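Trainee: Below is the file start-v5.tsv, with TSV, C-alpha atoms.
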```tsv
chain	number	residue	atom	x	y	z
A	2	MET	CA	-162.61	14.86	-190.50
A	3	SER	CA	-162.40	11.28	-191.50
A	4	GLY	CA	-159.70	11.74	-194.13
A	5	ARG	CA	-159.87	10.15	-197.52
A	6	ARG	CA	-161.41	6.95	-196.30
A	7	GLU	CA	-162.20	5.50	-192.96
A	8	ARG	CA	-159.48	3.39	-191.50
A	9	TRP	CA	-159.98	-0.05	-190.13
A	10	LEU	CA	-158.46	-1.24	-186.94
A	11	ASP	CA	-159.14	-4.80	-187.87
A	12	GLU	CA	-162.01	-6.78	-189.32
A	13	ASP	CA	-163.81	-7.28	-186.06
A	14	ALA	CA	-163.53	-3.72	-184.94
A	15	GLY	CA	-165.07	-2.31	-188.09
A	16	PRO	CA	-164.65	1.23	-189.34
A	17	LEU	CA	-163.47	3.89	-186.97
A	18	VAL	CA	-166.32	6.05	-188.07
A	19	ARG	CA	-169.84	5.71	-186.79
A	20	PRO	CA	-172.36	4.68	-189.43
A	21	TYR	CA	-174.38	7.85	-188.93
A	22	ALA	CA	-171.24	9.89	-189.56
A	23	ILE	CA	-170.88	8.23	-192.95
A	24	THR	CA	-174.49	8.99	-193.76
A	25	ARG	CA	-174.29	12.47	-192.22
A	26	GLY	CA	-176.93	11.80	-189.67
A	27	ARG	CA	-179.44	10.03	-191.84
A	28	THR	CA	-180.40	6.69	-190.50
A	29	ARG	CA	-183.12	5.68	-192.93
A	30	ALA	CA	-183.42	5.66	-196.66
A	31	ARG	CA	-186.19	7.91	-197.94
A	32	GLY	CA	-187.02	6.07	-201.12
A	33	ALA	CA	-188.92	2.83	-201.50
A	34	ALA	CA	-187.24	0.02	-199.61
A	35	LEU	CA	-184.89	-1.88	-201.84
A	36	ASP	CA	-184.61	-5.61	-201.59
A	37	LEU	CA	-181.29	-7.08	-200.53
A	38	VAL	CA	-180.88	-8.60	-203.98
A	39	THR	CA	-182.00	-5.59	-206.02
A	40	ILE	CA	-179.32	-5.19	-208.71
A	41	LEU	CA	-177.89	-1.69	-208.99
A	42	VAL	CA	-175.69	-0.14	-211.63
A	43	ALA	CA	-174.08	3.27	-212.07
A	44	ALA	CA	-175.79	5.48	-214.63
A	45	GLU	CA	-174.05	5.48	-217.97
A	46	GLY	CA	-172.18	8.39	-219.41
A	47	PRO	CA	-168.97	10.04	-218.36
A	48	ALA	CA	-168.36	9.57	-214.70
A	49	ALA	CA	-169.13	13.08	-213.59
A	50	PRO	CA	-167.73	13.47	-210.13
A	51	ARG	CA	-170.26	15.42	-208.17
A	52	SER	CA	-169.23	17.66	-205.40
A	53	GLY	CA	-170.87	16.69	-202.18
A	54	LEU	CA	-170.31	13.03	-202.70
A	55	SER	CA	-168.57	11.32	-199.84
A	56	PRO	CA	-165.79	8.81	-200.42
A	57	GLU	CA	-168.31	6.10	-199.63
A	58	HIS	CA	-170.72	7.38	-202.29
A	59	GLN	CA	-167.89	7.30	-204.77
A	60	ARG	CA	-166.92	3.80	-203.81
A	61	VAL	CA	-170.50	2.67	-204.37
A	62	LEU	CA	-170.48	4.32	-207.79
A	63	ARG	CA	-167.14	2.77	-208.69
A	64	LEU	CA	-168.26	-0.70	-207.73
A	65	CYS	CA	-171.51	-0.23	-209.59
A	66	ARG	CA	-169.79	0.22	-212.92
A	67	ALA	CA	-170.55	-3.48	-212.90
A	68	PRO	CA	-173.95	-4.51	-211.55
A	69	HIS	CA	-174.01	-5.22	-207.82
A	70	THR	CA	-176.75	-6.25	-205.48
A	71	LEU	CA	-177.40	-4.21	-202.36
A	72	VAL	CA	-176.01	-6.98	-200.20
A	73	ASP	CA	-172.92	-7.30	-202.43
A	74	LEU	CA	-172.24	-3.63	-201.79
A	75	ALA	CA	-172.50	-4.15	-198.04
A	76	SER	CA	-170.09	-7.04	-198.36
A	77	ARG	CA	-167.57	-5.25	-200.58
A	78	LEU	CA	-167.62	-1.99	-198.65
A	79	GLU	CA	-167.88	-3.73	-195.29
A	80	LEU	CA	-170.57	-1.38	-194.13
A	81	PRO	CA	-173.85	-2.18	-192.40
A	82	LEU	CA	-176.82	-2.64	-194.68
A	83	GLY	CA	-178.59	0.34	-193.16
A	84	VAL	CA	-175.72	2.59	-194.20
A	85	ILE	CA	-175.63	1.11	-197.69
A	86	ARG	CA	-179.35	1.74	-198.04
A	87	VAL	CA	-178.92	5.42	-197.24
A	88	LEU	CA	-175.92	5.81	-199.57
A	89	VAL	CA	-177.69	4.04	-202.41
A	90	ASP	CA	-180.82	6.08	-201.86
A	91	GLU	CA	-178.84	9.31	-202.10
A	92	LEU	CA	-177.30	8.14	-205.37
A	93	LEU	CA	-180.59	6.98	-206.85
A	94	GLU	CA	-182.27	10.31	-206.21
A	95	PRO	CA	-180.07	12.40	-208.57
A	96	GLY	CA	-179.90	9.52	-211.04
A	97	LEU	CA	-176.24	8.65	-210.51
A	98	LEU	CA	-177.27	5.10	-209.76
A	99	ARG	CA	-180.17	3.16	-211.16
A	100	VAL	CA	-181.95	-0.10	-210.50
A	101	GLU	CA	-180.78	-2.52	-213.16
A	102	THR	CA	-182.98	-5.44	-212.10
A	103	PRO	CA	-185.55	-5.32	-209.33
A	104	ALA	CA	-185.58	-8.29	-206.99
A	105	PRO	CA	-188.06	-11.03	-207.86
A	106	THR	CA	-191.31	-10.75	-205.95
A	107	ALA	CA	-192.54	-14.25	-206.65
A	108	LEU	CA	-191.19	-17.68	-207.35
A	109	PRO	CA	-189.66	-17.70	-210.86
A	110	ASP	CA	-190.92	-19.82	-213.75
A	111	LEU	CA	-190.29	-23.51	-213.84
A	112	ASP	CA	-187.70	-23.00	-216.57
A	113	VAL	CA	-185.66	-20.72	-214.34
A	114	LEU	CA	-186.05	-23.03	-211.36
A	115	ARG	CA	-184.81	-25.97	-213.43
A	116	ARG	CA	-181.87	-23.96	-214.68
A	117	ILE	CA	-180.91	-22.95	-211.15
A	118	ARG	CA	-181.22	-26.56	-209.97
A	119	ASP	CA	-179.14	-27.92	-212.83
A	120	GLU	CA	-176.50	-25.25	-212.35
A	121	LEU	CA	-176.37	-25.95	-208.61
A	122	ARG	CA	-175.65	-29.60	-209.36
A	123	THR	CA	-172.60	-28.67	-211.38
A	124	ILE	CA	-170.90	-26.23	-209.03
B	28	MET	CA	-164.90	-4.27	-220.58
B	29	THR	CA	-166.94	-6.46	-218.33
B	30	SER	CA	-165.83	-5.38	-214.92
B	31	SER	CA	-162.91	-3.80	-213.19
B	32	GLY	CA	-159.97	-6.06	-212.55
B	33	ARG	CA	-160.35	-6.17	-208.82
B	34	SER	CA	-164.01	-6.91	-209.01
B	35	ASP	CA	-164.62	-10.63	-208.87
B	36	ARG	CA	-166.49	-12.08	-211.79
B	37	ALA	CA	-169.29	-12.96	-209.44
B	38	ALA	CA	-170.12	-9.37	-208.75
B	39	ALA	CA	-172.04	-8.75	-211.92
B	40	PRO	CA	-175.23	-10.78	-211.66
B	41	ARG	CA	-178.03	-10.35	-214.16
B	42	ALA	CA	-180.55	-12.09	-211.98
B	43	ALA	CA	-180.25	-12.59	-208.24
B	44	TYR	CA	-182.28	-15.04	-206.17
B	45	LYS	CA	-182.56	-15.59	-202.46
B	46	ILE	CA	-182.61	-18.74	-200.37
B	47	LEU	CA	-183.20	-18.46	-196.64
B	48	VAL	CA	-181.40	-20.69	-194.20
B	49	ALA	CA	-183.45	-20.78	-191.02
B	50	GLY	CA	-183.45	-22.84	-187.86
B	51	GLY	CA	-182.72	-22.57	-184.20
B	52	PHE	CA	-179.59	-21.34	-182.48
B	53	GLY	CA	-176.58	-23.56	-182.99
B	54	THR	CA	-178.20	-25.88	-185.52
B	55	GLY	CA	-175.59	-25.20	-188.20
B	56	LYS	CA	-177.07	-22.40	-190.33
B	57	THR	CA	-173.88	-20.37	-190.39
B	58	THR	CA	-171.85	-23.48	-191.12
B	59	MET	CA	-174.07	-24.40	-194.02
B	60	VAL	CA	-173.94	-20.93	-195.54
B	61	GLY	CA	-170.16	-21.03	-195.25
B	62	ALA	CA	-169.92	-24.49	-196.79
B	63	VAL	CA	-171.56	-23.52	-200.08
B	64	SER	CA	-170.73	-19.85	-200.37
B	65	GLU	CA	-168.03	-18.80	-202.81
B	66	ILE	CA	-167.25	-15.77	-200.71
B	67	ARG	CA	-166.31	-15.69	-197.10
B	68	PRO	CA	-169.72	-15.43	-195.51
B	69	LEU	CA	-170.52	-11.97	-194.39
B	70	ARG	CA	-172.04	-11.36	-191.06
B	71	THR	CA	-173.84	-8.13	-191.49
B	72	GLU	CA	-175.81	-6.30	-188.92
B	73	GLU	CA	-177.46	-3.01	-188.36
B	74	SER	CA	-177.96	-1.01	-185.22
B	75	ILE	CA	-176.41	-3.64	-183.02
B	76	THR	CA	-173.42	-2.49	-181.07
B	77	GLU	CA	-172.77	-5.74	-179.26
B	78	ALA	CA	-170.97	-7.16	-182.26
B	79	SER	CA	-169.45	-9.94	-180.23
B	80	ALA	CA	-172.83	-11.48	-179.57
B	81	GLY	CA	-173.44	-14.69	-181.45
B	82	VAL	CA	-175.63	-14.37	-184.47
B	83	ASP	CA	-178.58	-15.95	-182.73
B	84	ASP	CA	-177.72	-15.05	-179.24
B	85	LEU	CA	-179.40	-11.72	-179.04
B	86	SER	CA	-181.65	-12.47	-176.16
B	87	GLU	CA	-181.47	-8.97	-174.75
B	88	LEU	CA	-182.32	-7.40	-178.04
B	89	GLU	CA	-185.61	-5.64	-178.03
B	90	ARG	CA	-187.82	-5.93	-181.00
B	91	LYS	CA	-187.71	-2.67	-182.92
B	92	SER	CA	-188.98	-2.18	-186.39
B	93	THR	CA	-185.93	-0.16	-187.35
B	94	THR	CA	-183.45	-2.77	-186.22
B	95	THR	CA	-182.13	-5.37	-188.55
B	96	VAL	CA	-180.59	-8.28	-186.80
B	97	ALA	CA	-177.32	-10.00	-187.53
B	98	MET	CA	-177.48	-12.32	-190.46
B	99	ASP	CA	-175.08	-14.45	-192.43
B	100	PHE	CA	-174.92	-13.94	-196.11
B	101	GLY	CA	-173.28	-16.11	-198.77
B	102	ARG	CA	-173.31	-16.22	-202.54
B	103	ILE	CA	-173.20	-18.83	-205.26
B	104	THR	CA	-172.64	-17.62	-208.80
B	105	LEU	CA	-174.09	-19.84	-211.46
B	106	GLY	CA	-173.70	-19.63	-215.20
B	107	ASP	CA	-175.57	-17.21	-217.38
B	108	GLY	CA	-175.49	-14.34	-214.90
B	109	LEU	CA	-177.57	-16.16	-212.30
B	110	ALA	CA	-176.62	-15.70	-208.69
B	111	VAL	CA	-178.10	-17.32	-205.61
B	112	TYR	CA	-177.75	-15.53	-202.29
B	113	LEU	CA	-178.05	-17.41	-199.04
B	114	PHE	CA	-179.27	-15.66	-195.94
B	115	GLY	CA	-178.86	-17.30	-192.58
B	116	THR	CA	-181.18	-15.69	-190.11
B	117	PRO	CA	-182.07	-16.20	-186.48
B	118	GLY	CA	-185.19	-18.28	-186.21
B	119	GLN	CA	-186.84	-17.01	-183.09
B	120	GLU	CA	-190.27	-15.56	-183.39
B	121	ARG	CA	-189.14	-12.09	-182.38
B	122	PHE	CA	-187.10	-11.85	-185.59
B	123	TRP	CA	-189.95	-12.64	-187.90
B	124	PHE	CA	-190.42	-8.98	-188.77
B	125	MET	CA	-187.20	-9.05	-190.75
B	126	TRP	CA	-188.04	-12.32	-192.44
B	127	GLU	CA	-190.91	-10.78	-194.35
B	128	GLU	CA	-188.55	-8.84	-196.55
B	129	LEU	CA	-186.10	-11.70	-196.87
B	130	ALA	CA	-188.75	-14.23	-197.81
B	131	ARG	CA	-190.47	-12.07	-200.43
B	132	GLY	CA	-189.65	-13.50	-203.83
B	133	ALA	CA	-187.27	-16.07	-202.36
B	134	LEU	CA	-186.71	-19.41	-204.06
B	135	GLY	CA	-187.47	-20.95	-200.73
B	136	ALA	CA	-186.03	-21.84	-197.39
B	137	VAL	CA	-183.96	-24.50	-195.70
B	138	VAL	CA	-184.94	-25.09	-192.09
B	139	VAL	CA	-181.96	-26.63	-190.34
B	140	VAL	CA	-182.73	-29.00	-187.49
B	141	ASP	CA	-180.48	-30.50	-184.83
B	142	THR	CA	-182.02	-33.76	-183.60
B	143	ARG	CA	-180.57	-33.16	-180.15
B	144	ARG	CA	-182.62	-30.00	-179.82
B	145	ILE	CA	-185.47	-30.29	-182.23
B	146	SER	CA	-187.56	-27.67	-180.47
B	147	ALA	CA	-184.97	-25.00	-181.32
B	148	SER	CA	-186.23	-25.09	-184.90
B	149	PHE	CA	-189.96	-25.11	-184.17
B	150	ALA	CA	-190.34	-21.36	-184.62
B	151	SER	CA	-188.71	-21.49	-188.07
B	152	LEU	CA	-190.93	-24.39	-189.08
B	153	ASP	CA	-194.02	-22.57	-187.86
B	154	TYR	CA	-193.06	-19.58	-189.92
B	155	PHE	CA	-192.57	-21.37	-193.21
B	156	GLU	CA	-195.55	-23.66	-192.76
B	157	GLN	CA	-197.77	-20.60	-192.94
B	158	ARG	CA	-196.05	-19.05	-195.93
B	159	ALA	CA	-196.23	-19.77	-199.63
B	160	GLU	CA	-192.51	-20.20	-200.29
B	161	PRO	CA	-191.30	-23.78	-200.63
B	162	PHE	CA	-189.08	-25.13	-197.87
B	163	VAL	CA	-187.22	-28.28	-196.96
B	164	ILE	CA	-186.11	-29.55	-193.59
B	165	ALA	CA	-182.40	-30.29	-193.41
B	166	VAL	CA	-181.34	-32.42	-190.47
B	167	ASN	CA	-177.76	-31.69	-189.52
B	168	ARG	CA	-175.99	-34.87	-188.49
B	169	PHE	CA	-173.81	-33.83	-185.63
B	170	GLU	CA	-171.15	-36.22	-184.49
B	171	GLY	CA	-172.38	-38.15	-181.54
B	172	SER	CA	-176.04	-37.50	-182.25
B	173	VAL	CA	-178.34	-40.47	-182.45
B	174	GLU	CA	-179.33	-41.47	-185.96
B	175	TYR	CA	-183.04	-41.18	-186.47
B	176	THR	CA	-185.03	-42.28	-189.45
B	177	GLU	CA	-186.82	-39.75	-191.58
B	178	GLU	CA	-190.12	-41.08	-190.24
B	179	GLU	CA	-189.06	-40.59	-186.64
B	180	ILE	CA	-187.95	-37.06	-187.40
B	181	ARG	CA	-191.15	-36.29	-189.27
B	182	THR	CA	-193.19	-37.50	-186.35
B	183	ALA	CA	-191.14	-35.48	-183.88
B	184	LEU	CA	-191.51	-32.36	-186.00
B	185	ASP	CA	-195.15	-33.08	-186.74
B	186	THR	CA	-194.74	-31.86	-190.28
B	187	ASP	CA	-196.67	-32.43	-193.48
B	188	PRO	CA	-195.67	-35.46	-195.53
B	189	GLU	CA	-195.03	-33.33	-198.62
B	190	VAL	CA	-192.28	-31.33	-196.94
B	191	PRO	CA	-189.00	-33.04	-197.85
B	192	ILE	CA	-186.66	-34.05	-195.04
B	193	VAL	CA	-183.00	-34.32	-195.95
B	194	LEU	CA	-180.23	-35.65	-193.71
B	195	PHE	CA	-177.02	-33.72	-194.25
B	196	ASP	CA	-173.73	-32.50	-192.85
B	197	ALA	CA	-173.66	-28.70	-192.70
B	198	ARG	CA	-169.86	-28.66	-192.86
B	199	ASP	CA	-169.74	-30.52	-196.12
B	200	ARG	CA	-170.06	-28.53	-199.32
B	201	GLU	CA	-171.47	-31.37	-201.42
B	202	SER	CA	-173.92	-32.24	-198.71
B	203	ALA	CA	-175.08	-28.65	-198.29
B	204	LYS	CA	-175.34	-28.30	-202.06
B	205	PHE	CA	-177.51	-31.40	-202.17
B	206	VAL	CA	-179.93	-29.74	-199.74
B	207	LEU	CA	-180.25	-26.75	-202.08
B	208	VAL	CA	-180.85	-29.03	-205.07
B	209	GLU	CA	-183.57	-30.79	-203.05
B	210	LEU	CA	-185.17	-27.43	-202.29
B	211	LEU	CA	-185.21	-26.53	-205.98
B	212	ASP	CA	-186.61	-29.97	-206.84
B	213	HIS	CA	-189.34	-29.41	-204.30
B	214	ALA	CA	-190.10	-25.94	-205.69
B	215	ILE	CA	-190.31	-27.42	-209.20
B	216	SER	CA	-192.49	-30.38	-208.39
B	217	ARG	CA	-195.04	-28.93	-206.03
B	218	PRO	CA	-198.27	-27.59	-207.38
B	219	ARG	CA	-198.30	-23.90	-208.15
B	220	GLU	CA	-201.01	-21.36	-208.21
B	221	VAL	CA	-201.54	-19.90	-211.61
B	222	PRO	CA	-200.93	-16.16	-211.32
B	223	ALA	CA	-204.06	-14.19	-211.98
B	224	GLY	CA	-204.26	-11.79	-214.87
B	225	LEU	CA	-201.87	-13.52	-217.24
```
Represent the supplied structure as C-alpha cells.

Mentor:
Amino acid sequence: MSGRRERWLDEDAGPLVRPYAITRGRTRARGAALDLVTILVAAEGPAAPRSGLSPEHQRVLRLCRAPHTLVDLASRLELPLGVIRVLVDELLEPGLLRVETPAPTALPDLDVLRRIRDELRTI
Amino acid sequence: MTSSGRSDRAAAPRAAYKILVAGGFGTGKTTMVGAVSEIRPLRTEESITEASAGVDDLSELERKSTTTVAMDFGRITLGDGLAVYLFGTPGQERFWFMWEELARGALGAVVVVDTRRISASFASLDYFEQRAEPFVIAVNRFEGSVEYTEEEIRTALDTDPEVPIVLFDARDRESAKFVLVELLDHAISRPREVPAGL
C-alpha cells in the first residue's frame, strides 16, 4: 500500500511508487489524445468524492477547481506526462473532469498574435 | 473565488499557446526556456528510467512510438488569461515523432544555433523548413565564440532569406524574450493561407 500519498526521497529521485502503480497497470490513455496545453477543469457541482479514486485522481480534481493545462498538472503533481494522461482520461470518462478549452490546432488570428507579442514585450 | 490560495495565479489560463524551442544538443535550449519561464522549468519525461541522462543525450534510446522523450517545459503568463508554454525538445531526427504533437497549433518555433557547432541544429532546421509553423533562428552567443555576421550565418545554414536570424544570449531573460517577440513578429508579418470554408 502506498499510504495516503507517495513519498518523495528528493526531487531527483522522484516518487517511490512506479508510474504504473499509480495508474493501476494502465500505461496508455484510452480516450482521444489530449494536447499538452488542453485546458482542463473539474466538473461543477458539489465535489462528490467518488470511491475508487486514488489520491492522485483527487489531487488532479483539486487542482482543476481552477483551469489547468495537462502539462501544468504534470508540473504541479510532479508526475510523468504519461501518468497524467491516464489519470485525466479516467476522470474525463465519468465526467468528473471536462475539457474547458481544447488546444489550438492552427495559428491564431492576427489579433491574438499581436496581443501575445505586445504582452511579451511588457513582461 | 478565483483559485485556491496555494495555486499560483498563473495556473488558470483561459487560452494556452505553445512555442517550441528546438536545436542541437548543448546549444542552449534549456537555458533559454529557464531564462524566460516564470516557473522553474520542468524536465518531464515518460518511460525513461535513465533519468540522469542529459535531456538530449539519449543516444541509446530506441525509437518507440509509445515513448515520450525528456523535454523542458516553461511557462509565461500574460494578461487576459493568455499563457505561453515553452517546450524545449531534443532536435535529432529520431525524436521527430514527438514533435508532431508539439508543433500542432503552435505559435511557432525557435531553432537555437551554436556557431561553434552549427551542424548540431541542422536536423531542427530541416524539420521546421518543411512545416507550416513560423520559426526563427536564434544564434546563441557563447563566450569565446567567434562573432559572425547574420549573412555569414545565413550562408552557413543555407536558409531562406525570409527566416529571421536573431543573435541572442540564452542566459539573459530580456534577450530570450526578444527572440520570442521576433518570432511573433514573424508570425504576424508573413503571408498566411486563408482557411478554407470560412

Trainee: Could you name the residues that touch Ser148 (chain B) at 6 Å or less, counting all atoms listed in the file, but leaving out those on the same chain fewer than 5 positions away, as a list in words?

Mentor: Gly50, Gly51 and Val140 of chain B

Trainee: So how far away is CA of Gly83 (chain A) from CA of Leu69 (chain B), in Å?

Mentor: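 According to the coordinates, CA of Leu69 (chain B) and CA of Gly83 (chain A) are separated by 14.8 Å.
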
Trainee: Have a look at CA of Phe52 (chain B) and CA of Arg200 (chain B) and let me know their distance in Å, one decimal.

Mentor: 20.6 Å

Trainee: Using only C-alpha atoms, which residues sit within 6 Å of Arg99 (chain A) once same-chain residues fewer than 3 positions away are excluded, as a short mmCIF file (atom, residue, chain, number, x, y, z; two decimals) with C-alpha atoms, keeping the file's coordinate frame?

Mentor:
```cif
data_model
loop_
_atom_site.label_atom_id
_atom_site.label_comp_id
_atom_site.auth_asym_id
_atom_site.auth_seq_id
_atom_site.Cartn_x
_atom_site.Cartn_y
_atom_site.Cartn_z
CA LEU A 41 -177.89 -1.69 -208.99
CA VAL A 42 -175.69 -0.14 -211.63
CA LEU A 93 -180.59 6.98 -206.85
#
```

Trainee: Here is a test: counting all atoms listed in the file, which residue of B:Pro191, B:Gly132, B:Gly108, B:Pro161 is nearest to Ala42 (chain B)?

Mentor: B:Gly108

Trainee: Give the answer as one residue: which of B:Leu109, B:Ala150, B:Ala165, B:Leu47 has the shortest atom-to-atom distance to chain A, using all atoms listed in the file?

Mentor: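 Among the listed residues, the smallest separation from chain A belongs to B:Leu109.
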
Trainee: Excluding Asp199 (chain B) and any residue of its chain fewer than 5 positions from it, enumerate the residues within 12 Å of it, using all atoms listed in the file, and give them as a PyMOL selection string.

Mentor: chain B and resi 55+58-64+167-169+194+204-206

Trainee: Would you mind reading off the distance between CA of Cys65 (chain A) and CA of Leu92 (chain A), one decimal, in Å?

Mentor: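 About the pair CA of Cys65 (chain A) and CA of Leu92 (chain A): they are 11.0 Å apart.
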
Trainee: Under the rule that all atoms listed in the file are counted, which of A:Leu88, A:Leu97, A:Ala67, A:Val61 is the nearest residue to chain B?

Mentor: A:Ala67

Trainee: Which one is closest to Glu127 (chain B): A:Glu57, A:Glu79, A:Asp119, A:Asp36? Count only C-alpha atoms.

Mentor: A:Asp36

Trainee: Which of these residues is nearest to Ile180 (chain B), using all atoms listed in the file: B:Thr142, B:Gln157, B:Ser151, B:Thr54?

Mentor: B:Thr142

Trainee: Pick out the closest residue to chain B from this set: A:Leu54, A:Leu78, A:Leu64, A:Val87. Count only C-alpha atoms.

Mentor: A:Leu64

Trainee: Box time for region 181-187 of chain B: axis-aligned, enclosing all its listed atoms, 5 Å extra on each side; report centre and edge lengths in Å to one decimal, as lines of an AutoDock Vina configuration file.

Mentor:
```
center_x = -193.9
center_y = -34.7
center_z = -188.7
size_x = 15.5
size_y = 15.6
size_z = 19.6
```

Trainee: Starting from chain A, keep only residues with some atom at most 7 Å from an atom of chain B, counting all atoms listed in the file, and report them as number ranges by chain.

Mentor: A: 38, 67-69, 76, 81-83, 104-108, 111, 114, 118, 120-122

Trainee: Please return, as a PyMOL selection string, all polymer residues that have at least one atom within 6 Å of the point (-187.2, -25.9, -196.0); use all atoms listed in the file and the file's own coordinate frame.

Mentor: chain B and resi 136-138+162-164

Trainee: Is there a way to complete region 58-70 of chain A with N, CA and C atoms and then write that out as a compact mmCIF listing (two decimals), keeping the file's coordinate frame?

Mentor:
```txt
# COMPACT_ATOMS: atom_id res chain seq x y z
N HIS A 58 -169.87 7.27 -201.10
CA HIS A 58 -170.72 7.38 -202.29
C HIS A 58 -169.92 7.00 -203.53
N GLN A 59 -168.70 7.53 -203.57
CA GLN A 59 -167.89 7.30 -204.77
C GLN A 59 -167.47 5.84 -204.89
N ARG A 60 -167.26 5.22 -203.75
CA ARG A 60 -166.92 3.80 -203.81
C ARG A 60 -168.10 2.98 -204.31
N VAL A 61 -169.29 3.36 -203.87
CA VAL A 61 -170.50 2.67 -204.37
C VAL A 61 -170.58 2.83 -205.89
N LEU A 62 -170.39 4.06 -206.35
CA LEU A 62 -170.48 4.32 -207.79
C LEU A 62 -169.42 3.54 -208.56
N ARG A 63 -168.22 3.51 -208.01
CA ARG A 63 -167.14 2.77 -208.69
C ARG A 63 -167.47 1.30 -208.80
N LEU A 64 -167.91 0.72 -207.70
CA LEU A 64 -168.26 -0.70 -207.73
C LEU A 64 -169.39 -0.97 -208.72
N CYS A 65 -170.31 -0.03 -208.77
CA CYS A 65 -171.51 -0.23 -209.59
C CYS A 65 -171.28 0.06 -211.07
N ARG A 66 -170.04 0.24 -211.48
CA ARG A 66 -169.79 0.22 -212.92
C ARG A 66 -170.15 -1.16 -213.46
N ALA A 67 -169.99 -2.16 -212.62
CA ALA A 67 -170.55 -3.48 -212.90
C ALA A 67 -171.73 -3.68 -211.95
N PRO A 68 -172.77 -4.36 -212.41
CA PRO A 68 -173.95 -4.51 -211.55
C PRO A 68 -173.62 -5.19 -210.21
N HIS A 69 -174.17 -4.66 -209.16
CA HIS A 69 -174.01 -5.22 -207.82
C HIS A 69 -175.35 -5.24 -207.11
N THR A 70 -175.56 -6.27 -206.33
CA THR A 70 -176.75 -6.25 -205.48
C THR A 70 -176.46 -5.40 -204.25
```
